[in-house]
>>> print(open('start06.tsv').read())   # TSV, C-alpha atoms and all ligand atoms
chain	number	residue	atom	x	y	z
A	30	MET	CA	-3.27	-35.21	11.98
A	31	CYS	CA	-1.01	-38.13	11.50
A	32	ARG	CA	-1.17	-41.04	9.14
A	33	PHE	CA	1.57	-43.40	8.15
A	34	LEU	CA	2.12	-43.49	4.44
A	35	HIS	CA	5.03	-45.78	4.02
A	36	ARG	CA	6.97	-45.76	7.21
A	37	CYS	CA	5.67	-49.09	8.57
A	38	SER	CA	5.86	-49.55	12.27
A	39	PRO	CA	5.93	-53.15	13.40
A	40	LEU	CA	2.47	-54.60	12.82
A	41	SER	CA	2.51	-56.39	16.10
A	42	ARG	CA	2.43	-53.08	17.90
A	43	VAL	CA	-0.55	-51.54	16.06
A	44	ASP	CA	-4.07	-52.74	16.34
A	45	SER	CA	-5.64	-54.17	13.22
A	46	SER	CA	-7.96	-51.23	12.40
A	47	MET	CA	-4.98	-48.93	12.30
A	48	ALA	CA	-3.04	-51.38	10.18
A	49	ASP	CA	-5.92	-51.43	7.67
A	50	ASN	CA	-5.38	-47.74	7.14
A	51	MET	CA	-1.80	-48.12	6.07
A	52	LEU	CA	-1.47	-47.55	2.36
A	53	LEU	CA	1.18	-50.20	1.99
A	54	VAL	CA	-0.96	-52.76	3.76
A	55	THR	CA	-4.10	-52.25	1.73
A	56	GLN	CA	-2.78	-53.54	-1.55
A	57	CYS	CA	-4.38	-51.69	-4.38
A	58	HIS	CA	-6.94	-48.94	-4.54
A	59	GLU	CA	-9.37	-48.45	-7.40
A	60	SER	CA	-10.21	-45.00	-6.19
A	61	ASN	CA	-9.29	-42.82	-3.23
A	62	PRO	CA	-10.97	-43.96	-0.02
A	63	ASP	CA	-13.21	-41.20	1.37
A	64	SER	CA	-10.69	-40.13	3.95
A	65	PHE	CA	-8.24	-39.31	1.14
A	66	ILE	CA	-10.53	-36.83	-0.58
A	67	LEU	CA	-9.83	-33.18	0.05
A	68	PRO	CA	-12.76	-30.91	0.84
A	69	ALA	CA	-14.70	-29.72	-2.24
A	70	GLY	CA	-13.23	-26.56	-3.71
A	71	TYR	CA	-9.75	-27.24	-2.33
A	72	ASP	CA	-7.34	-25.70	-4.83
A	73	LEU	CA	-4.63	-28.06	-6.06
A	74	LYS	CA	-3.58	-25.85	-8.98
A	75	THR	CA	0.12	-25.13	-8.99
A	76	ALA	CA	2.42	-22.88	-10.92
A	77	VAL	CA	5.59	-24.24	-12.49
A	78	VAL	CA	8.60	-22.49	-11.02
A	79	SER	CA	12.15	-23.74	-10.72
A	80	LEU	CA	13.40	-23.43	-7.21
A	81	PRO	CA	16.74	-21.71	-6.78
A	82	VAL	CA	19.56	-24.30	-6.59
A	83	ILE	CA	22.38	-23.59	-4.18
A	84	ASP	CA	25.69	-25.34	-4.62
A	85	MET	CA	26.94	-25.92	-1.09
A	86	SER	CA	30.42	-26.88	-2.30
A	87	ARG	CA	31.15	-23.25	-3.16
A	88	GLY	CA	32.98	-20.86	-0.87
A	89	ARG	CA	31.27	-19.87	2.34
A	90	ASP	CA	30.62	-16.24	1.29
A	91	GLU	CA	29.18	-17.25	-2.04
A	92	VAL	CA	26.87	-19.84	-0.47
A	93	CYS	CA	25.79	-17.33	2.11
A	94	ARG	CA	24.92	-14.77	-0.55
A	95	ALA	CA	23.15	-17.36	-2.71
A	96	ILE	CA	20.91	-18.39	0.19
A	97	LEU	CA	19.99	-14.81	0.97
A	98	ASP	CA	19.39	-14.00	-2.70
A	99	ALA	CA	17.22	-17.08	-3.15
A	100	GLY	CA	15.07	-16.05	-0.22
A	101	LYS	CA	14.69	-12.52	-1.48
A	102	GLU	CA	14.18	-13.41	-5.13
A	103	PHE	CA	11.66	-16.09	-4.42
A	104	GLY	CA	9.66	-13.73	-2.27
A	105	PHE	CA	9.87	-11.09	-4.98
A	106	PHE	CA	8.45	-13.23	-7.75
A	107	GLN	CA	5.71	-14.45	-5.47
A	108	VAL	CA	4.80	-10.80	-4.95
A	109	LEU	CA	4.64	-10.32	-8.75
A	110	ARG	CA	2.38	-13.35	-9.12
A	111	ASP	CA	0.07	-12.24	-6.33
A	112	MET	CA	-0.20	-8.84	-8.00
A	113	GLU	CA	-1.00	-10.37	-11.37
A	114	ALA	CA	-3.67	-12.58	-9.81
A	115	VAL	CA	-5.34	-9.84	-7.82
A	116	CYS	CA	-5.41	-7.47	-10.81
A	117	GLU	CA	-6.99	-10.20	-12.92
A	118	GLU	CA	-9.57	-10.69	-10.16
A	119	PHE	CA	-10.29	-6.97	-10.14
A	120	PHE	CA	-10.99	-6.82	-13.86
A	121	GLN	CA	-13.14	-9.97	-13.64
A	122	LEU	CA	-15.42	-8.36	-11.03
A	123	PRO	CA	-19.02	-7.72	-12.08
A	124	ALA	CA	-19.35	-4.40	-13.93
A	125	ALA	CA	-21.40	-2.93	-11.08
A	126	ASP	CA	-18.53	-3.41	-8.63
A	127	LYS	CA	-16.06	-1.74	-10.94
A	128	ALA	CA	-18.46	1.07	-11.84
A	129	GLU	CA	-18.16	2.36	-8.27
A	130	PHE	CA	-14.56	3.24	-8.96
A	131	TYR	CA	-14.99	4.51	-12.52
A	132	SER	CA	-14.33	8.19	-13.09
A	133	GLU	CA	-13.56	10.46	-16.02
A	134	ASP	CA	-12.23	13.16	-13.71
A	135	LYS	CA	-8.55	13.38	-14.65
A	136	SER	CA	-7.70	15.22	-11.45
A	137	LYS	CA	-8.51	12.14	-9.37
A	138	PRO	CA	-5.30	10.27	-8.59
A	139	ASN	CA	-7.08	6.97	-7.90
A	140	ARG	CA	-9.67	5.88	-10.43
A	141	LEU	CA	-10.71	3.39	-13.07
A	142	PHE	CA	-11.10	4.77	-16.56
A	143	SER	CA	-11.24	3.72	-20.18
A	144	GLY	CA	-8.83	4.60	-22.93
A	145	GLU	CA	-11.36	6.60	-24.99
A	146	LYS	CA	-9.94	5.97	-28.48
A	147	TYR	CA	-7.58	3.30	-27.21
A	148	TRP	CA	-8.39	-0.29	-26.41
A	149	ARG	CA	-7.66	-0.34	-22.72
A	150	ASP	CA	-9.19	0.01	-19.31
A	151	CYS	CA	-6.89	1.33	-16.64
A	152	LEU	CA	-6.97	1.24	-12.88
A	153	ARG	CA	-4.71	4.05	-11.76
A	154	LEU	CA	-3.61	4.12	-8.15
A	155	VAL	CA	-1.10	6.17	-6.22
A	156	TYR	CA	0.83	5.03	-3.18
A	157	PRO	CA	0.75	5.86	-0.37
A	158	LEU	CA	-2.77	7.09	0.24
A	159	PRO	CA	-2.87	10.17	2.45
A	160	ALA	CA	-4.06	9.72	6.01
A	161	GLY	CA	-7.80	10.43	6.26
A	162	ASP	CA	-10.46	9.31	3.85
A	163	THR	CA	-10.14	11.80	1.01
A	164	GLU	CA	-8.85	9.16	-1.42
A	165	ASP	CA	-9.41	5.49	-1.66
A	166	TRP	CA	-8.56	2.27	-3.43
A	167	PRO	CA	-11.12	-0.33	-4.51
A	168	HIS	CA	-12.46	-2.44	-1.66
A	169	LYS	CA	-12.77	-5.52	-3.86
A	170	PRO	CA	-11.12	-7.95	-4.22
A	171	GLN	CA	-10.63	-7.94	-0.51
A	172	ARG	CA	-6.89	-8.64	-0.61
A	173	LEU	CA	-6.20	-5.98	-3.25
A	174	ARG	CA	-4.92	-3.42	-0.77
A	175	GLU	CA	-2.45	-5.70	0.90
A	176	VAL	CA	-1.18	-7.16	-2.36
A	177	VAL	CA	-0.85	-3.79	-4.11
A	178	GLU	CA	0.95	-2.29	-1.14
A	179	ASN	CA	3.40	-5.19	-0.95
A	180	PHE	CA	4.00	-5.02	-4.66
A	181	THR	CA	4.54	-1.27	-4.72
A	182	VAL	CA	7.03	-1.33	-1.87
A	183	ARG	CA	9.05	-4.13	-3.51
A	184	ILE	CA	9.00	-2.60	-6.99
A	185	ARG	CA	9.99	0.80	-5.62
A	186	ALA	CA	12.94	-0.77	-3.82
A	187	LEU	CA	13.99	-2.48	-7.04
A	188	ALA	CA	13.70	0.79	-8.98
A	189	MET	CA	15.86	2.57	-6.39
A	190	ASP	CA	18.48	-0.21	-6.65
A	191	ILE	CA	18.52	0.23	-10.41
A	192	LEU	CA	18.87	4.01	-10.06
A	193	ARG	CA	21.83	3.52	-7.69
A	194	LEU	CA	23.46	1.19	-10.21
A	195	LEU	CA	22.91	3.76	-12.96
A	196	CYS	CA	24.64	6.37	-10.78
A	197	GLU	CA	27.59	4.05	-10.34
A	198	GLY	CA	27.79	3.45	-14.07
A	199	MET	CA	27.53	7.12	-14.97
A	200	GLY	CA	29.72	8.69	-12.32
A	201	LEU	CA	26.94	10.37	-10.36
A	202	ARG	CA	27.04	10.27	-6.57
A	203	PRO	CA	25.21	7.09	-5.49
A	204	ASP	CA	22.38	8.94	-3.73
A	205	TYR	CA	21.63	11.33	-6.60
A	206	PHE	CA	18.14	9.89	-7.06
A	207	GLU	CA	17.27	9.71	-3.36
A	208	GLY	CA	15.09	12.43	-1.88
A	209	ASP	CA	12.70	14.73	-3.72
A	210	ILE	CA	13.68	13.62	-7.20
A	211	SER	CA	12.13	10.20	-6.51
A	212	GLY	CA	9.98	11.38	-3.64
A	213	GLY	CA	6.58	11.84	-5.29
A	214	ARG	CA	3.84	9.31	-4.67
A	215	VAL	CA	4.45	6.10	-6.61
A	216	GLY	CA	2.02	5.78	-9.53
A	217	LEU	CA	0.55	2.48	-10.66
A	218	GLU	CA	-1.25	1.92	-13.92
A	219	ILE	CA	-2.92	-1.44	-14.00
A	220	ASN	CA	-3.81	-1.88	-17.64
A	221	SER	CA	-6.38	-4.30	-19.01
A	222	TYR	CA	-6.44	-4.90	-22.75
A	223	PRO	CA	-9.40	-7.14	-23.65
A	224	PRO	CA	-9.28	-9.11	-26.91
A	225	CYS	CA	-9.82	-6.58	-29.70
A	226	PRO	CA	-11.91	-7.36	-32.80
A	227	ASP	CA	-9.44	-5.63	-35.14
A	228	PRO	CA	-5.96	-5.01	-33.71
A	229	SER	CA	-4.84	-3.49	-37.02
A	230	LYS	CA	-7.12	-0.49	-36.47
A	231	THR	CA	-6.28	0.59	-32.95
A	232	LEU	CA	-3.73	0.47	-30.15
A	233	GLY	CA	-4.00	-0.27	-26.45
A	234	LEU	CA	-1.73	2.65	-25.67
A	235	PRO	CA	-0.49	5.20	-28.21
A	236	PRO	CA	3.24	5.88	-28.60
A	237	HIS	CA	4.55	7.77	-25.60
A	238	CYS	CA	7.50	8.26	-23.31
A	239	ASP	CA	6.91	7.97	-19.60
A	240	ARG	CA	7.23	11.40	-18.02
A	241	ASP	CA	8.47	10.09	-14.68
A	242	LEU	CA	12.01	9.16	-13.57
A	243	ILE	CA	11.89	5.44	-14.17
A	244	THR	CA	9.14	2.88	-14.81
A	245	ILE	CA	9.13	-0.81	-13.96
A	246	VAL	CA	6.81	-3.14	-15.92
A	247	PRO	CA	6.73	-6.89	-15.27
A	248	PRO	CA	5.96	-8.16	-18.76
A	249	GLY	CA	3.18	-10.62	-17.90
A	250	ALA	CA	2.65	-13.63	-20.13
A	251	VAL	CA	0.97	-12.03	-23.14
A	252	PRO	CA	3.03	-9.95	-25.60
A	253	GLY	CA	1.86	-6.48	-26.62
A	254	LEU	CA	4.50	-3.97	-25.53
A	255	GLU	CA	6.36	-2.43	-28.47
A	256	VAL	CA	9.38	-0.16	-28.40
A	257	ALA	CA	10.61	2.33	-30.99
A	258	TYR	CA	14.00	1.26	-32.27
A	259	THR	CA	15.86	2.84	-35.19
A	260	GLY	CA	12.66	3.91	-36.88
A	261	ASP	CA	10.82	0.62	-36.38
A	262	TRP	CA	8.59	-0.79	-33.70
A	263	ILE	CA	9.98	-3.91	-32.09
A	264	LYS	CA	7.90	-6.32	-30.04
A	265	VAL	CA	9.10	-7.00	-26.52
A	266	GLU	CA	9.00	-10.75	-25.92
A	267	PRO	CA	7.87	-11.42	-22.36
A	268	VAL	CA	10.57	-13.18	-20.32
A	269	PRO	CA	9.15	-14.98	-17.28
A	270	ASP	CA	10.29	-13.66	-13.90
A	271	SER	CA	11.82	-10.52	-15.30
A	272	VAL	CA	10.87	-6.88	-15.38
A	273	VAL	CA	11.06	-4.31	-18.17
A	274	VAL	CA	12.71	-1.03	-17.16
A	275	ASN	CA	11.75	2.18	-18.98
A	276	PHE	CA	13.82	5.28	-18.48
A	277	GLY	CA	11.46	8.20	-17.92
A	278	LEU	CA	11.78	11.70	-19.36
A	279	GLN	CA	13.26	13.00	-16.07
A	280	LEU	CA	16.16	10.57	-16.37
A	281	GLU	CA	16.79	11.87	-19.87
A	282	VAL	CA	16.84	15.44	-18.53
A	283	VAL	CA	19.15	14.65	-15.59
A	284	THR	CA	21.64	12.87	-17.85
A	285	ASN	CA	21.40	15.65	-20.44
A	286	GLY	CA	20.27	13.11	-22.99
A	287	ALA	CA	22.94	10.47	-22.27
A	288	LEU	CA	20.10	8.13	-21.31
A	289	LYS	CA	17.13	8.42	-23.62
A	290	SER	CA	13.57	7.88	-22.63
A	291	VAL	CA	12.43	5.54	-25.33
A	292	GLU	CA	9.05	5.76	-27.02
A	293	HIS	CA	6.83	2.74	-26.54
A	294	ARG	CA	3.24	1.70	-27.18
A	295	ALA	CA	0.92	-1.23	-26.47
A	296	ALA	CA	-0.59	-3.24	-29.32
A	297	THR	CA	-3.77	-5.25	-28.91
A	298	ASN	CA	-4.55	-8.78	-30.02
A	299	SER	CA	-7.79	-10.49	-30.97
A	300	ALA	CA	-7.27	-13.70	-29.01
A	301	VAL	CA	-6.53	-13.15	-25.35
A	302	HIS	CA	-6.97	-10.66	-22.57
A	303	ARG	CA	-3.69	-8.95	-21.67
A	304	MET	CA	-2.81	-7.15	-18.48
A	305	SER	CA	0.17	-5.09	-17.51
A	306	VAL	CA	1.18	-3.17	-14.43
A	307	ALA	CA	3.39	-0.13	-14.86
A	308	THR	CA	4.94	1.34	-11.71
A	309	PHE	CA	6.13	4.94	-12.02
A	310	ILE	CA	8.77	6.46	-9.76
A	311	VAL	CA	8.03	10.17	-9.83
A	312	PRO	CA	9.64	13.32	-8.47
A	313	ALA	CA	7.92	15.43	-5.84
A	314	ASP	CA	5.87	18.20	-7.51
A	315	ASP	CA	8.13	21.04	-6.45
A	316	CYS	CA	11.40	19.28	-7.21
A	317	VAL	CA	13.40	21.22	-9.80
A	318	ILE	CA	14.97	18.90	-12.35
A	319	GLY	CA	17.62	19.80	-14.87
A	320	PRO	CA	20.79	18.27	-16.28
A	321	ALA	CA	23.22	17.21	-13.55
A	322	GLU	CA	26.45	19.22	-13.63
A	323	GLU	CA	28.37	16.01	-14.28
A	324	PHE	CA	26.75	15.95	-17.73
A	325	VAL	CA	27.24	19.58	-18.66
A	326	SER	CA	30.46	21.10	-19.94
A	327	GLU	CA	31.66	23.55	-22.54
A	328	ASP	CA	31.65	20.74	-25.08
A	329	SER	CA	28.24	19.51	-24.08
A	330	PRO	CA	26.01	22.40	-23.03
A	331	ALA	CA	22.70	21.75	-21.28
A	332	CYS	CA	20.13	20.56	-23.81
A	333	TYR	CA	17.24	20.74	-21.36
A	334	ARG	CA	15.86	23.44	-19.14
A	335	SER	CA	15.54	23.02	-15.39
A	336	LEU	CA	11.87	22.85	-14.48
A	337	ARG	CA	9.78	22.16	-11.43
A	338	PHE	CA	8.21	18.78	-11.98
A	339	SER	CA	4.70	20.26	-11.62
A	340	ASP	CA	5.51	22.77	-14.40
A	341	PHE	CA	6.94	20.02	-16.56
A	342	LYS	CA	3.74	18.02	-16.14
A	343	ARG	CA	1.59	21.02	-16.98
A	344	ALA	CA	3.60	21.72	-20.13
A	345	HIS	CA	3.55	18.05	-21.03
A	346	ASN	CA	-0.22	17.81	-20.61
A	347	HIS	CA	-0.68	21.01	-22.55
A	348	ALA	CA	1.56	19.86	-25.40
A	349	ASN	CA	-0.50	16.72	-25.47
A	350	LEU	CA	-3.97	18.21	-25.48
A	351	GLY	CA	-4.73	17.41	-21.90
A	352	SER	CA	-3.89	13.75	-22.17
A	353	SER	CA	-1.09	12.37	-20.07
A	354	LEU	CA	-0.45	9.83	-22.79
A	355	ASN	CA	0.32	11.40	-26.06
A	356	VAL	CA	0.44	10.32	-29.64
A	357	THR	CA	3.93	11.64	-30.19
A	358	THR	CA	6.19	12.92	-27.51
A	359	ASN	CA	8.51	15.78	-28.09
A	360	LEU	CA	10.43	16.55	-24.98
A	361	LYS	CA	12.04	19.63	-26.45
A	362	ASN	CA	8.62	21.14	-27.32
A	363	ASN	CA	7.52	20.41	-23.85
A	364	GLN	CA	10.34	22.39	-22.48
A	365	ASN	CA	9.79	25.50	-24.61
A	401	LIG	C1	2.42	2.57	-19.51
A	401	LIG	C2	2.93	1.58	-20.47
A	401	LIG	C3	2.96	-0.62	-21.36
A	401	LIG	C4	2.14	-1.87	-21.41
A	401	LIG	O1	1.46	2.23	-18.76
A	401	LIG	O2	2.98	3.68	-19.48
A	401	LIG	O3	3.75	1.93	-21.24
A	401	LIG	O4	2.66	-2.84	-21.91
A	401	LIG	N1	2.44	0.33	-20.46
A	401	LIG	O5	0.98	-1.86	-20.98
A	402	NI	NI	4.59	3.85	-20.74
>>> encode(input="start06.tsv", output="structure tokens")
Amino acid sequence: MCRFLHRCSPLSRVDSSMADNMLLVTQCHESNPDSFILPAGYDLKTAVVSLPVIDMSRGRDEVCRAILDAGKEFGFFQVLRDMEAVCEEFFQLPAADKAEFYSEDKSKPNRLFSGEKYWRDCLRLVYPLPAGDTEDWPHKPQRLREVVENFTVRIRALAMDILRLLCEGMGLRPDYFEGDISGGRVGLEINSYPPCPDPSKTLGLPPHCDRDLITIVPPGAVPGLEVAYTGDWIKVEPVPDSVVVNFGLQLEVVTNGALKSVEHRAATNSAVHRMSVATFIVPADDCVIGPAEEFVSEDSPACYRSLRFSDFKRAHNHANLGSSLNVTTNLKNNQN
């Protein structure tokens, strides 16, 4: 399709019917002529995002890096937005569609469930799915699989980058967290917190520490995440295009307590629906995790036992009455 908007070619060379179509020729329009009306249902909604600005006057290396970063970053935040949109679509599906995936069987890695005493619904998924059809993800919305897969791969890569940076900062070899210790299936908890009639009487998620290695949570637009800090709960203000990083209990064990897994919870609100997506980087079940030797010396003996991750999980579930999310977490009890 081609139509001149304001690049006028010489009138003498166009026939008059074509000239009539030129916007600059037809003087003023009361309304859009029919040919300027997009098909019904065409989506003109846009999101407000600032494009990365690259200063070409900088040194060649810096410009080069900025261009690459812009490409990567922009793609990354698009992936976050797609994920947010598709999760919203999932929770907006008719109840009958969601019911297909609902299960109270805690041994199922992929399922939709409700928070029992807590004000949340949760779609829990693990990635990747094994070959064969023993496990599945929801089939609706149709693009859910593709979007979730994209998201998970990108968030996992980000988490691994962060772990490498932590190694650098703490004097561990850079690949300490490669392999089995981060090699379990990635867990996703897609949380939906509908408006709650009385937020003062319940929580979306009770106080807990994540039992994995590290968790990445894009904060979404609606506040609700709270973190324990010097005896108080502080609200985490969502920052657009950022992610919240939670150190999991395994990171606390590896660093012999140098990095603490911080207790957090989710509050509800009475006004708006809130969603969050937590991505958990977990060890393989038979990976044995204990304090790294770099963190143990005569002066600072090991404060944590070395445990197979599967045994840790069992003890953790047991200590918490069969719930993976506990009211209070006591890592030391867990390890007894
Ligand atoms: C979690 C979690 C926080 C939130 O799923 O483990 O802590 O804000 N979520 O929903
Ligand atoms: Ni958590």
>>> residues_around(input="start06.tsv", residues="stretch 133-144 of chain A", least_positions_apart="2", cutoff="9 Å", atoms="all atoms listed in the file", output="list in words")
Lys127, Ala128, Glu129, Phe130, Tyr131, Lys146, Tyr147, Trp148, Arg149, Asp150, Cys151, Leu152, Arg153, Leu154, Val155, Glu164, Asp165, Trp166, Pro167, Gly216, Gly233, Leu234 and Ser352 of chain A
>>> atom_distance(input="start06.tsv", atom1="atom CA of A:Asp241", atom2="atom CA of A:Phe276")
8.1 Å
>>> closest_residue(input="start06.tsv", among="A:Asp98, A:Glu281, A:Glu218, A:Glu323", to="ligand LIG 401 (chain A)", atoms="only C-alpha atoms and all ligand atoms")
A:Glu218
>>> closest_atom_pairs(input="start06.tsv", of="chain A", to="ligand NI 402 (chain A)", cutoff="7 Å", atoms="only C-alpha atoms and all ligand atoms", output="Markdown table")
| residue | atom | partner | partner_atom | distance |
| --- | --- | --- | --- | --- |
| A:His237 | CA | A:NI402 | NI | 6.2 |
| A:Cys238 | CA | A:NI402 | NI | 5.9 |
| A:Asp239 | CA | A:NI402 | NI | 4.9 |
| A:His293 | CA | A:NI402 | NI | 6.3 |
| A:Arg294 | CA | A:NI402 | NI | 6.9 |
>>> atom_distance(input="start06.tsv", atom1="atom CA of A:Arg183", atom2="atom CA of A:Leu109")
9.2 Å
>>> closest_atom_pairs(input="start06.tsv", of="chain A", to="ligand LIG 401 (chain A)", cutoff="9 Å", atoms="only C-alpha atoms and all ligand atoms", output="JSON lines")
{"residue": "A:Arg149", "atom": "CA", "partner": "A:LIG401", "partner_atom": "O5", "distance": 8.9}
{"residue": "A:Cys151", "atom": "CA", "partner": "A:LIG401", "partner_atom": "O1", "distance": 8.7}
{"residue": "A:Leu217", "atom": "CA", "partner": "A:LIG401", "partner_atom": "O1", "distance": 8.2}
{"residue": "A:Glu218", "atom": "CA", "partner": "A:LIG401", "partner_atom": "O1", "distance": 5.6}
{"residue": "A:Ile219", "atom": "CA", "partner": "A:LIG401", "partner_atom": "O1", "distance": 7.4}
{"residue": "A:Asn220", "atom": "CA", "partner": "A:LIG401", "partner_atom": "O5", "distance": 5.8}
{"residue": "A:Ser221", "atom": "CA", "partner": "A:LIG401", "partner_atom": "O5", "distance": 8.0}
{"residue": "A:Tyr222", "atom": "CA", "partner": "A:LIG401", "partner_atom": "O5", "distance": 8.2}
{"residue": "A:Gly233", "atom": "CA", "partner": "A:LIG401", "partner_atom": "O5", "distance": 7.6}
{"residue": "A:Leu234", "atom": "CA", "partner": "A:LIG401", "partner_atom": "O5", "distance": 7.0}
{"residue": "A:Pro235", "atom": "CA", "partner": "A:LIG401", "partner_atom": "O3", "distance": 8.8}
{"residue": "A:Pro236", "atom": "CA", "partner": "A:LIG401", "partner_atom": "O3", "distance": 8.4}
{"residue": "A:His237", "atom": "CA", "partner": "A:LIG401", "partner_atom": "O3", "distance": 7.3}
{"residue": "A:Cys238", "atom": "CA", "partner": "A:LIG401", "partner_atom": "O2", "distance": 7.5}
{"residue": "A:Asp239", "atom": "CA", "partner": "A:LIG401", "partner_atom": "O2", "distance": 5.8}
{"residue": "A:Arg240", "atom": "CA", "partner": "A:LIG401", "partner_atom": "O2", "distance": 8.9}
{"residue": "A:Thr244", "atom": "CA", "partner": "A:LIG401", "partner_atom": "O2", "distance": 7.8}
{"residue": "A:Val246", "atom": "CA", "partner": "A:LIG401", "partner_atom": "C3", "distance": 7.1}
{"residue": "A:Pro247", "atom": "CA", "partner": "A:LIG401", "partner_atom": "O4", "distance": 8.8}
{"residue": "A:Pro248", "atom": "CA", "partner": "A:LIG401", "partner_atom": "O4", "distance": 7.0}
{"residue": "A:Gly249", "atom": "CA", "partner": "A:LIG401", "partner_atom": "O4", "distance": 8.8}
{"residue": "A:Pro252", "atom": "CA", "partner": "A:LIG401", "partner_atom": "O4", "distance": 8.0}
{"residue": "A:Gly253", "atom": "CA", "partner": "A:LIG401", "partner_atom": "O4", "distance": 6.0}
{"residue": "A:Leu254", "atom": "CA", "partner": "A:LIG401", "partner_atom": "O4", "distance": 4.2}
{"residue": "A:Glu255", "atom": "CA", "partner": "A:LIG401", "partner_atom": "O4", "distance": 7.5}
{"residue": "A:Val265", "atom": "CA", "partner": "A:LIG401", "partner_atom": "O4", "distance": 8.9}
{"residue": "A:Asn275", "atom": "CA", "partner": "A:LIG401", "partner_atom": "O3", "distance": 8.3}
{"residue": "A:Glu292", "atom": "CA", "partner": "A:LIG401", "partner_atom": "O3", "distance": 8.7}
{"residue": "A:His293", "atom": "CA", "partner": "A:LIG401", "partner_atom": "O3", "distance": 6.2}
{"residue": "A:Arg294", "atom": "CA", "partner": "A:LIG401", "partner_atom": "O3", "distance": 6.0}
{"residue": "A:Ala295", "atom": "CA", "partner": "A:LIG401", "partner_atom": "O4", "distance": 5.1}
{"residue": "A:Ala296", "atom": "CA", "partner": "A:LIG401", "partner_atom": "O4", "distance": 8.1}
{"residue": "A:Arg303", "atom": "CA", "partner": "A:LIG401", "partner_atom": "O5", "distance": 8.5}
{"residue": "A:Met304", "atom": "CA", "partner": "A:LIG401", "partner_atom": "O5", "distance": 7.0}
{"residue": "A:Ser305", "atom": "CA", "partner": "A:LIG401", "partner_atom": "O5", "distance": 4.8}
{"residue": "A:Val306", "atom": "CA", "partner": "A:LIG401", "partner_atom": "O5", "distance": 6.7}
{"residue": "A:Ala307", "atom": "CA", "partner": "A:LIG401", "partner_atom": "O1", "distance": 5.0}
{"residue": "A:Thr308", "atom": "CA", "partner": "A:LIG401", "partner_atom": "O1", "distance": 7.9}
{"residue": "A:Phe309", "atom": "CA", "partner": "A:LIG401", "partner_atom": "O2", "distance": 8.2}
{"residue": "A:Leu354", "atom": "CA", "partner": "A:LIG401", "partner_atom": "O2", "distance": 7.8}
>>> closest_residue(input="start06.tsv", among="A:Ala321, A:Val273, A:Thr297, A:Gly260", to="A:Arg202", atoms="all atoms listed in the file")
A:Ala321
>>> atom_distance(input="start06.tsv", atom1="atom CA of A:Val311", atom2="atom CA of A:Arg214")
6.7 Å
>>> axis_aligned_box(input="start06.tsv", around="stretch 222-232 of chain A", padding_each_side="4 Å", output="AutoDock Vina command-line options")
--center_x -7.8 --center_y -4.3 --center_z -29.9 --size_x 16.2 --size_y 17.7 --size_z 22.3
>>> residues_near_point(input="start06.tsv", point="(3.0, -3.2, 0.3)", cutoff="12 Å", atoms="all atoms listed in the file", output="mmCIF file with C-alpha atoms, keeping the file's coordinate frame")
data_model
loop_
_atom_site.group_PDB
_atom_site.id
_atom_site.type_symbol
_atom_site.label_atom_id
_atom_site.label_comp_id
_atom_site.auth_asym_id
_atom_site.auth_seq_id
_atom_site.Cartn_x
_atom_site.Cartn_y
_atom_site.Cartn_z
ATOM 1 C CA PHE A 105 9.870 -11.090 -4.980
ATOM 2 C CA VAL A 108 4.800 -10.800 -4.950
ATOM 3 C CA LEU A 109 4.640 -10.320 -8.750
ATOM 4 C CA ASP A 111 0.070 -12.240 -6.330
ATOM 5 C CA MET A 112 -0.200 -8.840 -8.000
ATOM 6 C CA TYR A 156 0.830 5.030 -3.180
ATOM 7 C CA PRO A 157 0.750 5.860 -0.370
ATOM 8 C CA LEU A 158 -2.770 7.090 0.240
ATOM 9 C CA ARG A 172 -6.890 -8.640 -0.610
ATOM 10 C CA LEU A 173 -6.200 -5.980 -3.250
ATOM 11 C CA ARG A 174 -4.920 -3.420 -0.770
ATOM 12 C CA GLU A 175 -2.450 -5.700 0.900
ATOM 13 C CA VAL A 176 -1.180 -7.160 -2.360
ATOM 14 C CA VAL A 177 -0.850 -3.790 -4.110
ATOM 15 C CA GLU A 178 0.950 -2.290 -1.140
ATOM 16 C CA ASN A 179 3.400 -5.190 -0.950
ATOM 17 C CA PHE A 180 4.000 -5.020 -4.660
ATOM 18 C CA THR A 181 4.540 -1.270 -4.720
ATOM 19 C CA VAL A 182 7.030 -1.330 -1.870
ATOM 20 C CA ARG A 183 9.050 -4.130 -3.510
ATOM 21 C CA ILE A 184 9.000 -2.600 -6.990
ATOM 22 C CA ARG A 185 9.990 0.800 -5.620
ATOM 23 C CA ALA A 186 12.940 -0.770 -3.820
ATOM 24 C CA VAL A 215 4.450 6.100 -6.610
#
>>> closest_residue(input="start06.tsv", among="A:Val301, A:Ala95, A:Gly161, A:Asp84", to="A:Pro228", atoms="all atoms listed in the file")
A:Val301
>>> closest_residue(input="start06.tsv", among="A:Lys230, A:Lys101, A:Arg334, A:Arg94", to="A:Val283", atoms="all atoms listed in the file")
A:Arg334
>>> residues_near_point(input="start06.tsv", point="(9.0, 19.1, -9.2)", cutoff="8 Å", atoms="all atoms listed in the file", output="number ranges by chain")
A: 209-210, 312-318, 336-341
>>> closest_residue(input="start06.tsv", among="A:Val115, A:Leu97, A:Ala160, A:Ile243", to="A:Ile191", atoms="all atoms listed in the file")
A:Ile243
>>> closest_residue(input="start06.tsv", among="A:Cys196, A:Val282, A:Met189, A:Ala257", to="A:Ile310", atoms="only C-alpha atoms")
A:Met189
